[in-house]
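Trainee: This one is structure_7.txt, compact mmCIF, C-alpha atoms.
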# COMPACT_ATOMS: atom_id res chain seq x y z
CA PRO A 28 -154.75 -44.58 241.82
CA THR A 29 -153.17 -45.26 238.40
CA PRO A 30 -150.55 -42.72 237.46
CA PRO A 31 -151.14 -40.80 234.22
CA PRO A 32 -149.28 -42.09 231.15
CA THR A 33 -145.94 -40.55 230.46
CA PRO A 34 -146.18 -38.28 227.42
CA PRO A 35 -143.82 -39.10 224.55
CA PRO A 36 -140.67 -37.07 224.35
CA THR A 37 -140.87 -33.96 222.29
CA PRO A 38 -138.94 -34.42 218.99
CA PRO A 39 -136.19 -31.96 218.32
CA PRO A 40 -137.09 -29.15 216.00
CA THR A 41 -136.53 -29.86 212.26
CA PRO A 42 -133.68 -27.74 210.91
CA PRO A 43 -134.52 -25.57 207.90
CA PRO A 44 -133.52 -27.00 204.51
CA THR A 45 -130.05 -26.14 203.32
CA PRO A 46 -130.34 -23.67 200.44
CA PRO A 47 -128.60 -24.71 197.20
CA PRO A 48 -125.24 -23.14 196.57
CA THR A 49 -125.50 -19.80 194.95
CA THR A 50 -124.26 -19.88 191.31
CA PRO A 51 -122.20 -16.82 190.47
CA PRO A 52 -123.82 -14.76 187.79
CA PRO A 53 -122.36 -15.37 184.34
CA ALA A 54 -119.81 -12.90 183.14
CA SER A 55 -121.18 -10.37 180.76
CA ASP A 56 -120.90 -11.48 177.13
CA PRO A 57 -118.56 -9.44 174.96
CA PHE A 58 -121.30 -9.08 172.35
CA ASP A 59 -125.08 -8.85 172.36
CA CYS A 60 -126.07 -11.31 169.65
CA GLU A 61 -129.66 -10.07 169.61
CA ALA A 62 -128.79 -6.47 168.90
CA GLY A 63 -128.73 -5.81 165.17
CA PHE A 64 -129.30 -9.44 164.25
CA ALA A 65 -131.74 -8.47 161.48
CA ASN A 66 -128.85 -6.80 159.64
CA TRP A 67 -125.91 -8.84 160.94
CA GLN A 68 -124.27 -9.44 157.56
CA VAL A 69 -123.66 -5.73 157.05
CA GLY A 70 -123.86 -4.26 160.53
CA TRP A 71 -121.78 -6.66 162.61
CA SER A 72 -118.02 -6.60 162.86
CA ALA A 73 -115.96 -9.66 161.97
CA GLY A 74 -115.25 -10.26 165.66
CA LYS A 75 -118.91 -10.16 166.62
CA LYS A 76 -119.83 -12.52 163.80
CA ALA A 77 -117.19 -15.02 164.87
CA TRP A 78 -118.11 -14.89 168.58
CA CYS A 79 -121.86 -15.04 168.08
CA CYS A 80 -121.54 -17.88 165.58
CA SER A 81 -119.33 -19.94 167.93
CA ASN A 82 -121.28 -19.24 171.14
CA ARG A 83 -124.85 -18.43 170.10
CA HIS A 84 -125.01 -19.98 166.61
CA LYS A 85 -125.98 -16.64 165.15
CA GLY A 86 -124.25 -14.64 162.47
CA CYS A 87 -122.72 -17.68 160.81
CA ALA A 88 -121.86 -17.36 157.14
CA PRO A 89 -124.10 -19.57 155.02
CA LYS A 90 -122.45 -22.63 153.59
CA PRO A 91 -122.06 -22.64 149.83
CA PRO A 92 -124.51 -24.95 148.11
CA SER A 93 -123.05 -28.31 147.28
CA LEU A 94 -122.61 -29.09 143.60
CA PRO A 95 -124.59 -31.99 142.21
CA TYR A 96 -121.48 -33.54 140.63
CA ASP A 97 -117.72 -33.52 141.11
CA CYS A 98 -116.33 -33.08 137.62
CA GLU A 99 -112.81 -33.99 138.74
CA ALA A 100 -113.75 -37.39 140.15
CA GLY A 101 -113.46 -40.12 137.54
CA PHE A 102 -112.62 -37.75 134.71
CA ALA A 103 -109.95 -40.10 133.35
CA ASN A 104 -112.72 -42.60 132.53
CA TRP A 105 -115.66 -40.25 132.07
CA GLN A 106 -116.95 -41.79 128.84
CA ALA A 107 -117.61 -45.17 130.47
CA GLY A 108 -117.89 -44.25 134.14
CA TRP A 109 -120.08 -41.13 134.19
CA SER A 110 -123.84 -41.15 134.01
CA ASP A 111 -125.60 -39.18 131.29
CA GLY A 112 -126.72 -36.63 133.87
CA LYS A 113 -123.18 -36.05 135.08
CA LYS A 114 -121.86 -35.77 131.52
CA SER A 115 -124.48 -33.18 130.66
CA TRP A 116 -123.99 -31.16 133.85
CA CYS A 117 -120.19 -31.20 133.76
CA CYS A 118 -120.13 -30.32 130.08
CA SER A 119 -122.37 -27.31 130.65
CA HIS A 120 -120.68 -26.05 133.82
CA SER A 121 -117.02 -27.00 133.51
CA GLY A 122 -116.52 -27.97 129.87
CA ARG A 123 -115.77 -31.59 130.81
CA GLY A 124 -117.45 -34.77 129.67
CA CYS A 125 -118.68 -33.27 126.40
CA ALA A 126 -119.34 -35.59 123.50
CA GLY A 127 -118.15 -32.88 121.10
CA PRO A 128 -116.18 -29.67 121.56
CA PRO A 129 -117.01 -28.06 124.92
CA PRO A 130 -119.35 -25.09 124.76
CA GLN A 131 -117.72 -21.68 125.00
CA LEU A 132 -119.38 -20.39 128.13
CA HIS A 133 -117.42 -17.15 128.08
CA ASN A 134 -115.51 -15.04 125.58
CA CYS A 135 -112.13 -14.78 127.24
CA ASN A 136 -110.94 -12.06 124.87
CA VAL A 137 -113.67 -9.59 125.78
CA GLY A 138 -112.55 -7.41 128.68
CA PHE A 139 -109.26 -9.21 129.15
CA ALA A 140 -107.36 -5.94 129.53
CA THR A 141 -109.33 -5.27 132.75
CA TRP A 142 -110.16 -8.85 133.76
CA THR A 143 -109.09 -8.42 137.38
CA THR A 144 -111.92 -5.94 138.00
CA SER A 145 -114.45 -6.52 135.23
CA TRP A 146 -114.75 -10.34 135.18
CA ASP A 147 -116.82 -12.18 137.75
CA ALA A 148 -115.47 -15.19 139.63
CA ASP A 149 -117.19 -17.70 137.31
CA LYS A 150 -115.65 -16.22 134.18
CA LYS A 151 -112.20 -16.03 135.78
CA ALA A 152 -112.34 -19.69 136.80
CA TRP A 153 -113.66 -20.87 133.43
CA CYS A 154 -111.22 -18.84 131.33
CA CYS A 155 -108.28 -19.87 133.49
CA ALA A 156 -109.17 -23.56 133.25
CA ASN A 157 -109.92 -23.55 129.51
CA HIS A 158 -107.82 -20.75 128.00
CA HIS A 159 -105.22 -19.96 130.69
CA ARG A 160 -106.57 -16.43 130.99
CA GLY A 161 -107.79 -14.72 134.13
CA CYS A 162 -105.66 -16.93 136.38
CA PRO A 163 -104.64 -15.54 139.78
CA SER A 164 -100.97 -15.63 138.77
CA GLN A 165 -101.77 -13.17 135.98
CA GLY A 166 -102.84 -10.42 138.35
CA LYS A 167 -99.37 -8.85 138.24
CA PRO A 168 -97.95 -9.08 134.71
CA LEU A 169 -94.38 -10.29 134.42
CA TYR A 170 -93.65 -8.07 131.45
CA ASN A 171 -94.83 -4.76 129.98
CA CYS A 172 -96.10 -5.94 126.62
CA ASP A 173 -96.58 -2.38 125.32
CA LYS A 174 -92.96 -1.37 125.75
CA ASP A 175 -90.98 -1.71 122.51
CA PHE A 176 -93.88 -3.54 120.86
CA ALA A 177 -93.16 -1.83 117.53
CA GLN A 178 -89.84 -3.67 117.43
CA TRP A 179 -90.63 -6.68 119.58
CA LYS A 180 -88.81 -9.12 117.31
CA THR A 181 -85.59 -7.20 117.82
CA TYR A 182 -85.75 -6.10 121.45
CA TRP A 183 -87.89 -8.67 123.30
CA THR A 184 -86.27 -11.69 124.87
CA PRO A 185 -87.66 -15.14 124.00
CA GLY A 186 -89.20 -15.35 127.46
CA LYS A 187 -91.00 -12.03 127.04
CA GLN A 188 -92.21 -12.99 123.58
CA ALA A 189 -93.67 -16.26 124.88
CA TRP A 190 -95.30 -14.66 127.94
CA CYS A 191 -96.79 -11.72 126.06
CA CYS A 192 -98.10 -13.99 123.31
CA ASN A 193 -99.74 -16.45 125.74
CA ASN A 194 -101.14 -13.84 128.13
CA MET A 195 -101.67 -10.66 126.10
CA GLY A 196 -101.82 -11.88 122.51
CA ARG A 197 -98.79 -9.79 121.56
CA GLY A 198 -95.43 -10.82 120.24
CA CYS A 199 -96.76 -13.98 118.59
CA HIS A 200 -94.77 -15.24 115.64
CA ASP A 201 -97.97 -16.10 113.76
CA HIS A 202 -99.00 -12.42 114.03
CA ILE A 203 -102.36 -13.26 115.63
CA GLY A 204 -103.13 -11.04 118.57
CA ALA A 205 -105.80 -10.91 121.26
CA GLY A 206 -109.29 -11.55 119.97
CA GLY A 207 -107.97 -13.12 116.76
CA VAL A 208 -106.98 -9.70 115.38
CA PRO A 209 -103.82 -9.87 113.29
CA GLN A 210 -100.94 -7.95 114.73
CA THR A 211 -99.28 -5.30 112.64
CA PRO A 212 -95.99 -4.67 114.34
CA ALA A 213 -93.84 -2.11 112.60
CA ALA A 214 -90.80 -3.40 110.84
CA PRO A 215 -87.59 -2.86 112.75
CA ALA A 216 -85.67 0.21 111.74
CA ALA A 217 -83.08 -0.46 109.11
CA VAL A 218 -79.62 -0.58 110.52
CA PRO A 219 -77.04 1.06 108.23
CA PRO A 220 -74.27 -1.28 107.16
CA THR A 221 -71.08 -1.03 109.11
CA VAL A 222 -68.30 0.48 107.02
CA LEU A 223 -65.07 -1.27 107.71
CA PRO A 224 -61.93 0.85 107.72
CA ALA A 225 -59.78 0.47 104.61
CA ALA A 226 -56.88 -1.85 105.09
CA PRO A 227 -53.54 -0.07 104.81
CA ALA A 228 -51.64 -0.72 101.63
CA PRO A 229 -48.80 -3.15 102.09
CA ALA A 230 -45.44 -1.46 102.30
CA THR A 231 -43.17 -1.97 99.28
CA THR A 232 -39.80 -3.36 100.22
CA VAL A 233 -37.03 -1.84 98.15
CA ALA A 234 -34.03 -4.09 97.74
CA PRO A 235 -30.78 -2.35 98.62
CA ALA A 236 -28.63 -1.38 95.64
CA MET A 237 -25.64 -3.57 94.93
CA PRO A 238 -22.37 -1.75 95.34
CA ALA A 239 -20.52 -1.09 92.05
CA ALA A 240 -17.54 -3.33 91.22
CA PRO A 241 -14.20 -1.64 91.64
CA TYR A 242 -12.57 -0.40 88.40
CA GLN A 243 -9.89 -2.70 87.03
CA PRO A 244 -7.74 -1.39 84.19
CA GLN A 245 -7.36 -3.76 81.23
CA ALA A 246 -3.93 -4.78 79.96
CA PRO A 247 -3.04 -3.34 76.50
CA VAL A 248 -3.45 -5.70 73.58
CA PRO A 249 -0.03 -6.39 71.88
How would this structure read if it were set down as structure tokens?
Mentor:
Amino acid sequence: PTPPPTPPPTPPPTPPPTPPPTTPPPASDPFDCEAGFANWQVGWSAGKKAWCCSNRHKGCAPKPPSLPYDCEAGFANWQAGWSDGKKSWCCSHSGRGCAGPPPQLHNCNVGFATWTTSWDADKKAWCCANHHRGCPSQGKPLYNCDKDFAQWKTYWTPGKQAWCCNNMGRGCHDHIGAGGVPQTPAAPAAVPPTVLPAAPAPATTVAPAMPAAPYQPQAPVP
């Protein structure tokens, strides 16, 4: 008889698939950028704003709007090189490129005594650029322009006179103060004339007396 066919060899068992490597869980974030996001500008600390902006693109300060024109570029040749739109815009916003006198956007005399706290940033920048008032270097005055003002011509140094006139409208030789108000400094106190001591009278030199001639008897007349 014919022997039965030999069965095929049994294949080895299929090994289970190798699981992917386990990724370690991410370290906990130092800040939760979802918590308080509706009020992040006021409620978040500076550190949280910086971290969330760099890592989650949240809490980033908005970029200032770009200006339509750069009023510094090409100013040396603005009459020929600027467009009408740029001339109009720069004249209105920075006092540059004006066909006539630039408009006075701000009164730089009003509130100058308290400009560091009462003026907004736009007025400070405009008055500094156009009238040299409200500049950052003026935050701490170099001189006390109230001290000895009644006799400023006598006691103030030339440097103090120039600084107080340019920055505070005081000590100006044309007597025009801040706001165009004439100054009325008091006249310096009269200084009494210096009395010189009387010169001593010159001493009179007395010539010594000449000694008398010795007596000589005369011979008798014959």
Trainee: So which residues touch Trp78 of chain A within 12 Å, counting all atoms listed in the file, skipping near sequence neighbours fewer than 5 positions away, as a PyMOL selection string?
Mentor: chain A and resi 56-60+71-73+83-87
Trainee: Just the residues within 9 Å of Ala189 of chain A, please, counting only C-alpha atoms, with nothing from its chain fewer than 5 positions along; format it as a PyMOL selection string.
Mentor: chain A and resi 184+194+197-199
Trainee: Smallest atom-to-atom distance to Ala152 of chain A: which of A:His200, A:Gly122, A:Val137, A:Asp111, using all atoms listed in the file?
Mentor: A:Gly122
Trainee: Can you work out the spacing between atom CA of Cys191 of chain A and atom CA of Lys150 of chain A in Å, to one decimal?
Mentor: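 Those two atoms sit 21.0 Å apart.
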Trainee: Around the point (-117.4, -23.0, 124.8) in the file's coordinates, collect all residues with an atom within 12 Å, using only C-alpha atoms, and return them as a PDB file with C-alpha atoms, in the frame of the given file.
Mentor:
ATOM      1  CA  CYS A 118    -120.130 -30.320 130.080  1.00  0.00           C
ATOM      2  CA  SER A 119    -122.370 -27.310 130.650  1.00  0.00           C
ATOM      3  CA  HIS A 120    -120.680 -26.050 133.820  1.00  0.00           C
ATOM      4  CA  SER A 121    -117.020 -27.000 133.510  1.00  0.00           C
ATOM      5  CA  GLY A 122    -116.520 -27.970 129.870  1.00  0.00           C
ATOM      6  CA  ARG A 123    -115.770 -31.590 130.810  1.00  0.00           C
ATOM      7  CA  CYS A 125    -118.680 -33.270 126.400  1.00  0.00           C
ATOM      8  CA  GLY A 127    -118.150 -32.880 121.100  1.00  0.00           C
ATOM      9  CA  PRO A 128    -116.180 -29.670 121.560  1.00  0.00           C
ATOM     10  CA  PRO A 129    -117.010 -28.060 124.920  1.00  0.00           C
ATOM     11  CA  PRO A 130    -119.350 -25.090 124.760  1.00  0.00           C
ATOM     12  CA  GLN A 131    -117.720 -21.680 125.000  1.00  0.00           C
ATOM     13  CA  LEU A 132    -119.380 -20.390 128.130  1.00  0.00           C
ATOM     14  CA  HIS A 133    -117.420 -17.150 128.080  1.00  0.00           C
ATOM     15  CA  ASN A 134    -115.510 -15.040 125.580  1.00  0.00           C
ATOM     16  CA  CYS A 135    -112.130 -14.780 127.240  1.00  0.00           C
ATOM     17  CA  LYS A 150    -115.650 -16.220 134.180  1.00  0.00           C
ATOM     18  CA  TRP A 153    -113.660 -20.870 133.430  1.00  0.00           C
ATOM     19  CA  CYS A 154    -111.220 -18.840 131.330  1.00  0.00           C
ATOM     20  CA  ALA A 156    -109.170 -23.560 133.250  1.00  0.00           C
ATOM     21  CA  ASN A 157    -109.920 -23.550 129.510  1.00  0.00           C
ATOM     22  CA  HIS A 158    -107.820 -20.750 128.000  1.00  0.00           C
TER      23      HIS A 158
END
Trainee: Please compute the atom CA of Tyr96 of chain A-atom CA of Gly112 of chain A distance, one decimal, in Å.
Mentor: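 So the two atoms, atom CA of Tyr96 of chain A and atom CA of Gly112 of chain A, lie 9.1 Å apart.
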Trainee: Select, from A:Gln178, A:Trp109, A:Pro30, A:Lys76, the residue with the minimum atom-to-atom distance to Ala62 of chain A, counting all atoms listed in the file.
Mentor: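 Checking each of A:Gln178, A:Trp109, A:Pro30, A:Lys76 against Ala62 of chain A, counting all atoms listed in the file, the winner is A:Lys76.
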